[in-house]
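Dumped work_37.pdb below, it's PDB, C-alpha atoms:
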ATOM      1  CA  MET A   1     129.165-142.039  -3.096
ATOM      2  CA  LYS A   2     127.253-140.002  -5.628
ATOM      3  CA  TRP A   3     129.174-137.142  -7.172
ATOM      4  CA  LEU A   4     129.369-134.923 -10.210
ATOM      5  CA  PRO A   5     132.625-133.990 -11.934
ATOM      6  CA  LEU A   6     133.583-130.396 -12.523
ATOM      7  CA  LEU A   7     131.802-128.968 -15.554
ATOM      8  CA  LEU A   8     132.855-126.057 -17.667
ATOM      9  CA  VAL A   9     131.543-122.761 -18.931
ATOM     10  CA  VAL A  10     133.139-122.428 -22.324
ATOM     11  CA  PHE A  11     133.722-119.019 -23.877
ATOM     12  CA  LEU A  12     134.132-119.208 -27.642
ATOM     13  CA  ALA A  13     135.942-115.997 -28.321
ATOM     14  CA  ALA A  14     135.218-113.422 -30.971
ATOM     15  CA  GLY A  15     136.187-114.560 -34.390
ATOM     16  CA  ARG A  16     135.062-113.844 -38.005
ATOM     17  CA  PRO A  17     129.226-116.729 -40.903
ATOM     18  CA  CYS A  18     127.941-119.418 -43.341
ATOM     19  CA  ARG A  19     124.670-120.696 -44.578
ATOM     20  CA  ALA A  20     123.097-123.065 -47.049
ATOM     21  CA  ASP A  21     122.467-122.186 -50.715
ATOM     22  CA  ILE A  22     119.517-119.870 -51.382
ATOM     23  CA  ILE A  23     116.815-121.770 -53.300
ATOM     24  CA  ILE A  24     113.406-120.094 -53.538
ATOM     25  CA  GLY A  25     110.302-120.204 -55.728
ATOM     26  CA  THR A  26     110.119-123.969 -56.154
ATOM     27  CA  PRO A  27     108.196-125.769 -57.409
ATOM     28  CA  PRO A  28     106.926-123.005 -59.716
ATOM     29  CA  ASN A  29     103.208-122.391 -60.141
ATOM     30  CA  ALA A  30     103.391-119.260 -62.296
ATOM     31  CA  ALA A  31     105.207-118.101 -65.448
ATOM     32  CA  PHE A  32     105.948-114.650 -66.873
ATOM     33  CA  ASN A  33     106.993-113.837 -70.438
ATOM     34  CA  ILE A  34     110.500-112.486 -70.022
ATOM     35  CA  GLN A  35     110.155-109.968 -72.883
ATOM     36  CA  ILE A  36     106.712-108.685 -71.924
ATOM     37  CA  PHE A  37     107.674-108.214 -68.265
ATOM     38  CA  THR A  38     111.206-106.884 -68.844
ATOM     39  CA  PRO A  39     113.113-105.931 -66.754
ATOM     40  CA  THR A  40     112.393-109.089 -64.798
ATOM     41  CA  GLY A  41     114.252-109.891 -61.614
ATOM     42  CA  GLN A  42     114.271-111.224 -58.070
ATOM     43  CA  SER A  43     115.919-109.647 -55.053
ATOM     44  CA  PHE A  44     117.568-111.678 -52.308
ATOM     45  CA  THR A  45     119.561-111.203 -49.137
ATOM     46  CA  ALA A  46     123.121-112.503 -49.347
ATOM     47  CA  ASP A  47     124.061-115.026 -46.695
ATOM     48  CA  ARG A  48     127.519-115.847 -48.026
ATOM     49  CA  SER A  49     130.290-113.651 -49.341
ATOM     50  CA  ALA A  50     131.604-116.111 -51.941
ATOM     51  CA  ILE A  51     129.199-117.547 -54.515
ATOM     52  CA  LYS A  52     129.608-119.963 -57.376
ATOM     53  CA  SER A  53     126.505-119.337 -59.504
ATOM     54  CA  ILE A  54     123.112-117.675 -59.721
ATOM     55  CA  GLY A  55     120.294-119.441 -61.539
ATOM     56  CA  MET A  56     116.745-118.564 -62.529
ATOM     57  CA  SER A  57     114.095-121.009 -63.717
ATOM     58  CA  VAL A  58     112.923-120.649 -67.320
ATOM     59  CA  SER A  59     110.637-122.398 -69.793
ATOM     60  CA  VAL A  60     112.349-122.643 -73.184
ATOM     61  CA  CYS A  61     110.774-123.753 -76.446
ATOM     62  CA  ASN A  62     111.491-127.360 -77.415
ATOM     63  CA  CYS A  63     112.776-126.158 -80.772
ATOM     64  CA  PRO A  64     115.989-124.759 -82.256
ATOM     65  CA  PRO A  65     117.984-122.594 -82.119
ATOM     66  CA  LEU A  66     119.745-122.465 -78.752
ATOM     67  CA  MET A  67     118.732-119.455 -76.684
ATOM     68  CA  LYS A  68     121.198-117.088 -75.004
ATOM     69  CA  PHE A  69     120.387-115.124 -71.840
ATOM     70  CA  GLN A  70     122.046-112.520 -69.655
ATOM     71  CA  LEU A  71     121.883-112.196 -65.879
ATOM     72  CA  THR A  72     122.877-108.906 -64.275
ATOM     73  CA  LEU A  73     123.490-108.727 -60.552
ATOM     74  CA  LEU A  74     122.586-105.333 -59.086
ATOM     75  CA  ASN A  75     123.209-103.759 -55.718
ATOM     76  CA  GLY A  76     120.120-103.283 -53.582
ATOM     77  CA  SER A  77     116.493-104.282 -54.071
ATOM     78  CA  GLY A  78     115.275-103.039 -57.441
ATOM     79  CA  THR A  79     116.244-102.863 -61.092
ATOM     80  CA  SER A  80     118.055 -99.522 -60.966
ATOM     81  CA  GLY A  81     120.947-100.358 -58.636
ATOM     82  CA  ALA A  82     124.612-100.308 -59.563
ATOM     83  CA  THR A  83     125.837-103.329 -61.504
ATOM     84  CA  VAL A  84     127.918-105.781 -59.504
ATOM     85  CA  ALA A  85     128.560-108.236 -62.353
ATOM     86  CA  THR A  86     127.001-109.492 -65.593
ATOM     87  CA  ARG A  87     127.131-113.023 -66.960
ATOM     88  CA  THR A  88     125.668-114.869 -69.967
ATOM     89  CA  ALA A  89     124.528-118.465 -70.426
ATOM     90  CA  THR A  90     122.979-120.586 -73.172
ATOM     91  CA  ALA A  91     119.900-122.653 -72.366
ATOM     92  CA  PRO A  92     119.460-126.201 -73.698
ATOM     93  CA  ILE A  93     116.563-126.699 -76.085
ATOM     94  CA  GLY A  94     113.381-127.489 -74.154
ATOM     95  CA  LEU A  95     114.782-126.471 -70.765
ATOM     96  CA  PHE A  96     112.207-126.264 -67.973
ATOM     97  CA  GLY A  97     114.189-125.496 -64.877
ATOM     98  CA  PHE A  98     117.150-123.535 -63.614
ATOM     99  CA  LEU A  99     119.587-121.896 -66.007
ATOM    100  CA  ASP A 100     122.732-121.210 -63.992
ATOM    101  CA  PHE A 101     125.139-118.345 -64.632
ATOM    102  CA  ASP A 102     128.741-118.627 -63.453
ATOM    103  CA  PHE A 103     129.506-115.945 -60.842
ATOM    104  CA  THR A 104     132.703-117.489 -59.517
ATOM    105  CA  GLY A 105     134.954-114.813 -58.070
ATOM    106  CA  VAL A 106     132.145-112.368 -57.276
ATOM    107  CA  THR A 107     132.109-111.271 -53.644
ATOM    108  CA  LEU A 108     128.903-110.257 -51.881
ATOM    109  CA  THR A 109     128.309-108.500 -48.571
ATOM    110  CA  VAL A 110     126.471-110.772 -46.170
ATOM    111  CA  GLY A 111     123.167-109.283 -45.048
ATOM    112  CA  GLN A 112     122.957-106.906 -48.019
ATOM    113  CA  LYS A 113     120.201-107.127 -50.630
ATOM    114  CA  TYR A 114     120.942-107.792 -54.294
ATOM    115  CA  THR A 115     118.710-108.175 -57.349
ATOM    116  CA  ALA A 116     119.232-110.699 -60.145
ATOM    117  CA  VAL A 117     117.803-109.350 -63.423
ATOM    118  CA  MET A 118     117.485-111.786 -66.314
ATOM    119  CA  THR A 119     117.142-110.707 -69.943
ATOM    120  CA  GLN A 120     116.784-112.582 -73.200
ATOM    121  CA  ILE A 121     119.527-111.939 -75.743
ATOM    122  CA  SER A 122     118.480-114.278 -78.580
ATOM    123  CA  PRO A 123     115.301-113.578 -80.561
ATOM    124  CA  ASN A 124     112.340-115.891 -80.066
ATOM    125  CA  PRO A 125     112.444-119.089 -82.139
ATOM    126  CA  PRO A 126     110.083-119.206 -85.111
ATOM    127  CA  ASN A 127     106.460-119.934 -84.139
ATOM    128  CA  SER A 128     107.313-119.479 -80.450
ATOM    129  CA  THR A 129     105.191-117.364 -78.113
ATOM    130  CA  GLY A 130     108.270-116.433 -76.114
ATOM    131  CA  ILE A 131     110.355-117.559 -73.179
ATOM    132  CA  SER A 132     108.919-117.605 -69.671
ATOM    133  CA  ILE A 133     110.620-117.056 -66.356
ATOM    134  CA  ASN A 134     109.073-119.188 -63.618
ATOM    135  CA  GLY A 135     107.983-118.351 -60.097
ATOM    136  CA  VAL A 136     105.448-118.902 -57.363
ATOM    137  CA  SER A 137     102.611-116.967 -55.808
ATOM    138  CA  PRO A 138     102.198-116.080 -53.003
ATOM    139  CA  ASN A 139     105.663-114.956 -52.007
ATOM    140  CA  THR A 140     106.975-116.753 -48.901
ATOM    141  CA  TYR A 141     110.578-115.538 -49.063
ATOM    142  CA  SER A 142     111.232-112.777 -46.551
ATOM    143  CA  GLY A 143     114.607-111.848 -48.033
ATOM    144  CA  GLY A 144     113.351-110.323 -51.288
ATOM    145  CA  VAL A 145     110.594-109.816 -53.857
ATOM    146  CA  ALA A 146     110.023-110.250 -57.582
ATOM    147  CA  PHE A 147     110.291-107.372 -60.031
ATOM    148  CA  LEU A 148     108.044-107.483 -63.102
ATOM    149  CA  SER A 149     108.377-104.703 -65.699
ATOM    150  CA  GLY A 150     110.784-103.134 -63.237
ATOM    151  CA  LEU A 151     108.163-102.822 -60.493
ATOM    152  CA  ALA A 152     108.222-104.632 -57.172
ATOM    153  CA  ASN A 153     105.583-107.341 -56.913
ATOM    154  CA  PRO A 154     105.529-108.487 -53.278
ATOM    155  CA  ASP A 155     102.988-111.229 -54.039
ATOM    156  CA  VAL A 156     105.358-113.043 -56.418
ATOM    157  CA  GLU A 157     108.589-114.936 -55.819
ATOM    158  CA  LEU A 158     110.599-115.825 -58.923
ATOM    159  CA  SER A 159     112.424-119.146 -58.928
ATOM    160  CA  LEU A 160     116.002-118.330 -57.950
ATOM    161  CA  ARG A 161     118.977-120.219 -56.623
ATOM    162  CA  VAL A 162     122.253-118.800 -55.402
ATOM    163  CA  ILE A 163     124.896-121.507 -55.007
ATOM    164  CA  ASP A 164     127.713-120.964 -52.522
ATOM    165  CA  GLU A 165     131.306-121.466 -53.539
ATOM    166  CA  PRO A 166     132.048-124.921 -52.030
ATOM    167  CA  LEU A 167     135.662-124.081 -51.290
ATOM    168  CA  ALA A 168     134.627-120.970 -49.407
ATOM    169  CA  ALA A 169     133.582-122.673 -46.211
ATOM    170  CA  SER A 170     133.114-120.646 -43.082
ATOM    171  CA  ALA A 171     136.294-118.976 -41.929
ATOM    172  CA  LEU A 172     135.966-119.953 -38.287
ATOM    173  CA  GLN A 173     134.667-122.934 -36.382
ATOM    174  CA  TYR A 174     133.897-123.279 -32.691
ATOM    175  CA  SER A 175     133.074-126.577 -30.988
ATOM    176  CA  ALA A 176     131.247-126.381 -27.672
ATOM    177  CA  LYS A 177     130.959-129.510 -25.557
ATOM    178  CA  PHE A 178     127.463-130.285 -24.298
ATOM    179  CA  LEU A 179     125.941-132.650 -21.762
ATOM    180  CA  CYS A 180     122.167-132.764 -21.603
ATOM    181  CA  GLY A 181     119.723-134.820 -19.612
ATOM    182  CA  GLN A 182     119.561-137.316 -16.770
ATOM    183  CA  THR A 183     122.104-140.096 -16.424
ATOM    184  CA  ASP A 184     121.261-143.548 -15.093
ATOM    185  CA  GLU A 185     121.873-143.839 -11.337
ATOM    186  CA  GLU A 186     122.477-147.584 -11.306
ATOM    187  CA  GLU A 187     124.954-147.418 -14.181
ATOM    188  CA  ALA A 188     126.804-144.543 -12.519
ATOM    189  CA  GLU A 189     127.096-146.365  -9.188
ATOM    190  CA  HIS A 190     128.712-149.317 -10.981
ATOM    191  CA  GLY A 191     131.153-147.092 -12.883
ATOM    192  CA  LYS A 192     129.259-147.433 -16.146
ATOM    193  CA  GLY A 193     127.561-144.938 -18.408
ATOM    194  CA  MET A 194     129.019-141.711 -19.781
ATOM    195  CA  ALA A 195     128.876-139.415 -16.753
ATOM    196  CA  ALA A 196     128.244-139.412 -13.020
ATOM    197  CA  TYR A 197     124.663-139.618 -11.797
ATOM    198  CA  GLY A 198     122.822-136.311 -12.071
ATOM    199  CA  MET A 199     120.937-133.942 -14.347
ATOM    200  CA  TYR A 200     123.058-132.028 -16.854
ATOM    201  CA  PHE A 201     122.247-128.760 -18.639
ATOM    202  CA  THR A 202     123.934-126.787 -21.422
ATOM    203  CA  VAL A 203     123.066-123.339 -22.750
ATOM    204  CA  VAL A 204     125.117-121.736 -25.525
ATOM    205  CA  ASN A 205     124.630-117.992 -26.044
ATOM    206  CA  LEU A 206     125.578-116.344 -29.336
ATOM    207  CA  HIS A 207     125.993-112.569 -29.597
ATOM    208  CA  ASN A 208     126.627-110.446 -32.688
ATOM    209  CA  PRO A 209     128.905-107.590 -31.580
ATOM    210  CA  SER A 210     128.676-105.734 -34.908
ATOM    211  CA  GLU A 211     126.054-103.248 -36.091
ATOM    212  CA  LYS A 212     125.215-105.274 -39.220
ATOM    213  CA  GLU A 213     123.204-108.455 -39.555
ATOM    214  CA  VAL A 214     125.350-111.569 -39.713
ATOM    215  CA  VAL A 215     124.600-115.151 -40.653
ATOM    216  CA  ALA A 216     126.061-118.276 -39.115
ATOM    217  CA  LYS A 217     125.259-121.973 -39.028
ATOM    218  CA  MET A 218     125.337-124.643 -36.379
ATOM    219  CA  LYS A 219     125.082-128.410 -36.170
ATOM    220  CA  VAL A 220     125.214-131.097 -33.504
ATOM    221  CA  ALA A 221     127.636-134.024 -33.390
ATOM    222  CA  THR A 222     126.577-136.633 -30.842
ATOM    223  CA  THR A 223     128.444-139.557 -29.303
ATOM    224  CA  LYS A 224     127.411-143.116 -28.455
ATOM    225  CA  PRO A 225     128.429-145.454 -25.631
ATOM    226  CA  ASN A 226     131.237-147.979 -25.923
ATOM    227  CA  GLY A 227     133.523-145.764 -27.974
ATOM    228  CA  GLN A 228     131.261-145.617 -31.024
ATOM    229  CA  PRO A 229     130.917-142.424 -33.094
ATOM    230  CA  GLY A 230     127.482-140.848 -33.089
ATOM    231  CA  ASP A 231     125.422-138.921 -35.614
ATOM    232  CA  VAL A 232     125.968-135.496 -37.168
ATOM    233  CA  SER A 233     122.948-133.306 -37.813
ATOM    234  CA  PRO A 234     122.496-131.097 -40.877
ATOM    235  CA  PHE A 235     123.505-127.473 -40.468
ATOM    236  CA  HIS A 236     120.876-125.040 -39.223
ATOM    237  CA  SER A 237     121.141-121.420 -40.331
ATOM    238  CA  ILE A 238     120.828-118.562 -37.880
ATOM    239  CA  GLN A 239     120.642-114.796 -38.395
ATOM    240  CA  LEU A 240     121.553-112.169 -35.825
ATOM    241  CA  GLY A 241     120.870-108.475 -36.228
ATOM    242  CA  GLY A 242     123.253-105.894 -34.891
ATOM    243  CA  ASP A 243     123.934-106.512 -31.178
ATOM    244  CA  GLN A 244     121.353-109.313 -31.040
ATOM    245  CA  ALA A 245     121.863-112.486 -29.036
ATOM    246  CA  LEU A 246     120.216-115.900 -28.844
ATOM    247  CA  ALA A 247     120.387-118.926 -26.591
ATOM    248  CA  VAL A 248     120.734-122.558 -27.677
ATOM    249  CA  GLY A 249     119.745-124.825 -24.815
ATOM    250  CA  CYS A 250     119.313-128.550 -24.375
ATOM    251  CA  SER A 251     115.851-128.448 -25.991
ATOM    252  CA  GLU A 252     117.242-126.863 -29.170
ATOM    253  CA  ILE A 253     120.279-129.157 -29.170
ATOM    254  CA  ARG A 254     118.024-132.193 -28.845
ATOM    255  CA  ASP A 255     115.808-130.911 -31.673
ATOM    256  CA  LEU A 256     118.835-130.398 -33.941
ATOM    257  CA  ALA A 257     120.075-133.902 -33.141
ATOM    258  CA  LYS A 258     116.570-135.401 -33.439
ATOM    259  CA  ALA A 259     117.519-137.328 -30.311
ATOM    260  CA  PRO A 260     115.063-139.239 -28.118
ATOM    261  CA  PRO A 261     114.698-138.458 -24.393
ATOM    262  CA  GLY A 262     117.617-139.477 -22.227
ATOM    263  CA  PHE A 263     121.206-138.456 -21.684
ATOM    264  CA  LEU A 264     122.829-136.722 -24.662
ATOM    265  CA  ASP A 265     126.543-136.088 -25.108
ATOM    266  CA  GLY A 266     128.447-134.385 -27.925
ATOM    267  CA  PHE A 267     129.431-131.077 -29.485
ATOM    268  CA  LEU A 268     127.529-128.044 -30.730
ATOM    269  CA  VAL A 269     129.518-126.813 -33.734
ATOM    270  CA  VAL A 270     129.172-123.163 -34.775
ATOM    271  CA  GLU A 271     130.692-121.903 -38.028
ATOM    272  CA  SER A 272     130.958-118.246 -38.947
ATOM    273  CA  ASP A 273     132.744-115.780 -41.215
ATOM    274  CA  PHE A 274     132.193-112.880 -38.837
ATOM    275  CA  SER A 275     133.005-111.961 -35.279
ATOM    276  CA  LEU A 276     130.677-113.563 -32.762
ATOM    277  CA  ASP A 277     130.723-113.849 -28.993
ATOM    278  CA  VAL A 278     129.640-117.349 -28.002
ATOM    279  CA  VAL A 279     129.368-118.468 -24.404
ATOM    280  CA  ALA A 280     128.397-122.005 -23.447
ATOM    281  CA  VAL A 281     127.161-122.419 -19.869
ATOM    282  CA  TYR A 282     127.238-125.893 -18.350
ATOM    283  CA  THR A 283     125.663-126.842 -15.022
ATOM    284  CA  GLY A 284     124.950-130.094 -13.254
ATOM    285  CA  SER A 285     122.408-130.765 -10.527
ATOM    286  CA  GLN A 286     121.002-133.350  -8.173
ATOM    287  CA  LYS A 287     117.513-133.028  -6.730
ATOM    288  CA  GLY A 288     117.147-129.688  -8.483
ATOM    289  CA  LEU A 289     120.163-128.105  -6.782
ATOM    290  CA  VAL A 290     123.268-126.958  -8.656
ATOM    291  CA  GLU A 291     126.248-129.154  -7.810
ATOM    292  CA  THR A 292     128.969-127.990 -10.174
ATOM    293  CA  PHE A 293     130.096-125.080 -12.337
ATOM    294  CA  GLY A 294     133.320-123.953 -13.999
ATOM    295  CA  ILE A 295     134.796-121.922 -16.872
ATOM    296  CA  GLU A 296     137.263-122.385 -19.711
ATOM    297  CA  ARG A 297     138.000-120.119 -22.657
ATOM    298  CA  ILE A 298     138.966-121.535 -26.077
ATOM    299  CA  GLY A 299     140.005-119.943 -29.359
ATOM    300  CA  GLU A 300     138.711-120.416 -32.885
ATOM    301  CA  ARG A 301     139.769-122.973 -35.435
ATOM    302  CA  LYS A 302     140.541-121.256 -38.745
ATOM    303  CA  MET A 303     139.032-123.307 -41.563
ATOM    304  CA  ASN A 304     140.513-121.708 -44.699
ATOM    305  CA  SER A 305     144.024-120.583 -43.937
ATOM    306  CA  GLY A 306     147.427-122.137 -43.785
ATOM    307  CA  ASP A 307     147.799-121.324 -40.102
ATOM    308  CA  ALA A 308     144.620-123.124 -39.106
ATOM    309  CA  ALA A 309     144.741-124.760 -35.751
ATOM    310  CA  THR A 310     144.944-128.529 -35.870
ATOM    311  CA  PRO A 311     141.994-130.542 -34.542
ATOM    312  CA  GLY A 312     142.022-130.502 -30.789
ATOM    313  CA  SER A 313     144.329-127.498 -30.541
ATOM    314  CA  LEU A 314     143.612-123.878 -29.769
ATOM    315  CA  GLY A 315     143.737-121.135 -32.360
ATOM    316  CA  PRO A 316     146.491-118.484 -32.290
ATOM    317  CA  ASN A 317     144.248-116.003 -30.443
ATOM    318  CA  ALA A 318     143.195-118.374 -27.728
ATOM    319  CA  PRO A 319     143.821-117.238 -24.168
ATOM    320  CA  PRO A 320     145.199-119.700 -21.653
ATOM    321  CA  SER A 321     142.768-122.109 -20.083
ATOM    322  CA  LYS A 322     141.587-121.346 -16.581
TER     323      LYS A 322
END
If you took the structure in this file and wrote it as structure tokens, what would it be?
Amino acid sequence: MKWLPLLLVVFLAAGRPCRADIIIGTPPNAAFNIQIFTPTGQSFTADRSAIKSIGMSVSVCNCPPLMKFQLTLLNGSGTSGATVATRTATAPIGLFGFLDFDFTGVTLTVGQKYTAVMTQISPNPPNSTGISINGVSPNTYSGGVAFLSGLANPDVELSLRVIDEPLAASALQYSAKFLCGQTDEEEAEHGKGMAAYGMYFTVVNLHNPSEKEVVAKMKVATTKPNGQPGDVSPFHSIQLGGDQALAVGCSEIRDLAKAPPGFLDGFLVVESDFSLDVVAVYTGSQKGLVETFGIERIGERKMNSGDAATPGSLGPNAPPSK
């Protein structure tokens, strides 16, 4: 007898997003004298609240003495915003690359624009034509623009990197089970394979209930037959404007997993610092007709608190399963 087990619609309840480090303007193909074009800066859109450092790429003379620089982080896009924090750093002799400034402890607002303005403190070395700040043209970064002599230059993107605080992982994690694709009929009839014979579909909807843009990330963890662990994909960043929603279906899951055609089993893992509504819809069919459907609601796993739920358990706000 051919049959399909009961599948679930999983509601991942509202919780509290995370993304990869911001690295733009590489490799550089342009350079600007930092003293001639002062104030010189690059705006960016914060995708994490906790950062470790901000760096800008410079070309420093291969001659003594050591050069000292200052980086000022300003609110908004432009060189006249309120100062968030100021840091200094000393560049090695002959540096061609990123000079990082320690911004540990500085908290940003995700989705808000900031501008990093770099200035030279030390005088130019003898016989030096000056220190350059590196960048690229044209600008391909949608989250900000370069500022040269204090004026926005939308055609230029200065080399900038904003490194997340590694201990400040996303506050919440949600793991949605997925089943995608066609199982093997012969295997299923002999009690083999990973699921009953049929075609399986998963769609996970994410909704941002707030009025502000939020950032989250997701990855796919797949399984293999015979009790073997599968592969884990890199994280993929997603942005949702106020009240926006998106759907992650089997096609997107397969793309994230870089999986070949065939049956695919595993988890879609969503991590976020902000409240999201996430609903995963699972259906199974035979001959194009829906055979099964069900629902279950699960709570969040808190990643950075002492009362985090243990793996496999529900968070403190989880409603009872249905």
Calculate how many Å separate atom CA of A:Thr79 from atom CA of A:Ser53, rounding to one decimal.
19.5 Å
Give as JSON, numbers by chain the set of residues within 9 Å of the point (127.1, -115.7, -38.5), where distances use the file's coordinates and only C-alpha atoms.
{"A": [16, 17, 18, 19, 47, 208, 213, 214, 215, 216, 217, 237, 238, 239, 240, 270, 271, 272, 273, 274, 275, 276]}
On this file, the PyMOL selection byres ((chain A and resi 131) around 6) gives some set of residues; write that set as number ranges by chain.
A: 33-34, 59-60, 130, 132
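You can rank A:Val281, A:Met56, A:Ala30, A:Val156 by their closest distance to A:Ser142 using only C-alpha atoms, and at the top of that list sits A:Val156.
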Reference answer for the PyMOL selection byres ((chain A and resi 187-196) around 12), as a VMD selection string:
chain A and resid 1 to 7 178 to 186 197 to 200 223 to 227 262 to 266 284 to 286 291 to 292
Dump of C-alpha atoms for the selected residues, as an mmCIF file, keeping the file's coordinate frame:
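Contents of selection_30.cif, as written:
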data_model
loop_
_atom_site.group_PDB
_atom_site.id
_atom_site.type_symbol
_atom_site.label_atom_id
_atom_site.label_comp_id
_atom_site.auth_asym_id
_atom_site.auth_seq_id
_atom_site.Cartn_x
_atom_site.Cartn_y
_atom_site.Cartn_z
ATOM 1 C CA MET A 1 129.165 -142.039 -3.096
ATOM 2 C CA LYS A 2 127.253 -140.002 -5.628
ATOM 3 C CA TRP A 3 129.174 -137.142 -7.172
ATOM 4 C CA LEU A 4 129.369 -134.923 -10.210
ATOM 5 C CA PRO A 5 132.625 -133.990 -11.934
ATOM 6 C CA LEU A 6 133.583 -130.396 -12.523
ATOM 7 C CA LEU A 7 131.802 -128.968 -15.554
ATOM 8 C CA PHE A 178 127.463 -130.285 -24.298
ATOM 9 C CA LEU A 179 125.941 -132.650 -21.762
ATOM 10 C CA CYS A 180 122.167 -132.764 -21.603
ATOM 11 C CA GLY A 181 119.723 -134.820 -19.612
ATOM 12 C CA GLN A 182 119.561 -137.316 -16.770
ATOM 13 C CA THR A 183 122.104 -140.096 -16.424
ATOM 14 C CA ASP A 184 121.261 -143.548 -15.093
ATOM 15 C CA GLU A 185 121.873 -143.839 -11.337
ATOM 16 C CA GLU A 186 122.477 -147.584 -11.306
ATOM 17 C CA TYR A 197 124.663 -139.618 -11.797
ATOM 18 C CA GLY A 198 122.822 -136.311 -12.071
ATOM 19 C CA MET A 199 120.937 -133.942 -14.347
ATOM 20 C CA TYR A 200 123.058 -132.028 -16.854
ATOM 21 C CA THR A 223 128.444 -139.557 -29.303
ATOM 22 C CA LYS A 224 127.411 -143.116 -28.455
ATOM 23 C CA PRO A 225 128.429 -145.454 -25.631
ATOM 24 C CA ASN A 226 131.237 -147.979 -25.923
ATOM 25 C CA GLY A 227 133.523 -145.764 -27.974
ATOM 26 C CA GLY A 262 117.617 -139.477 -22.227
ATOM 27 C CA PHE A 263 121.206 -138.456 -21.684
ATOM 28 C CA LEU A 264 122.829 -136.722 -24.662
ATOM 29 C CA ASP A 265 126.543 -136.088 -25.108
ATOM 30 C CA GLY A 266 128.447 -134.385 -27.925
ATOM 31 C CA GLY A 284 124.950 -130.094 -13.254
ATOM 32 C CA SER A 285 122.408 -130.765 -10.527
ATOM 33 C CA GLN A 286 121.002 -133.350 -8.173
ATOM 34 C CA GLU A 291 126.248 -129.154 -7.810
ATOM 35 C CA THR A 292 128.969 -127.990 -10.174
#
Would you write out, as a list of chain:residue names, every residue that the PyMOL selection byres ((chain A and resi 123) around 12) captures in this file?
A:Ile34, A:Gln35, A:Cys61, A:Pro64, A:Pro65, A:Leu66, A:Met67, A:Lys68, A:Phe69, A:Thr119, A:Gln120, A:Ile121, A:Ser122, A:Asn124, A:Pro125, A:Pro126, A:Asn127, A:Ser128, A:Thr129, A:Gly130, A:Ile131
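Take the candidates A:Ala245, A:Val269, A:Leu289, A:Val278 and check each one against A:Lys177 using all atoms listed in the file; the shortest distance goes to A:Val269.
Coordinates place atom CA of A:Asp100 at a distance of 18.6 Å from atom CA of A:Asn62.
The residue that comes closest to A:Ala116, out of A:Gly76, A:Pro28, A:Gly135, A:Gly41 and on the basis of only C-alpha atoms, is A:Gly41.
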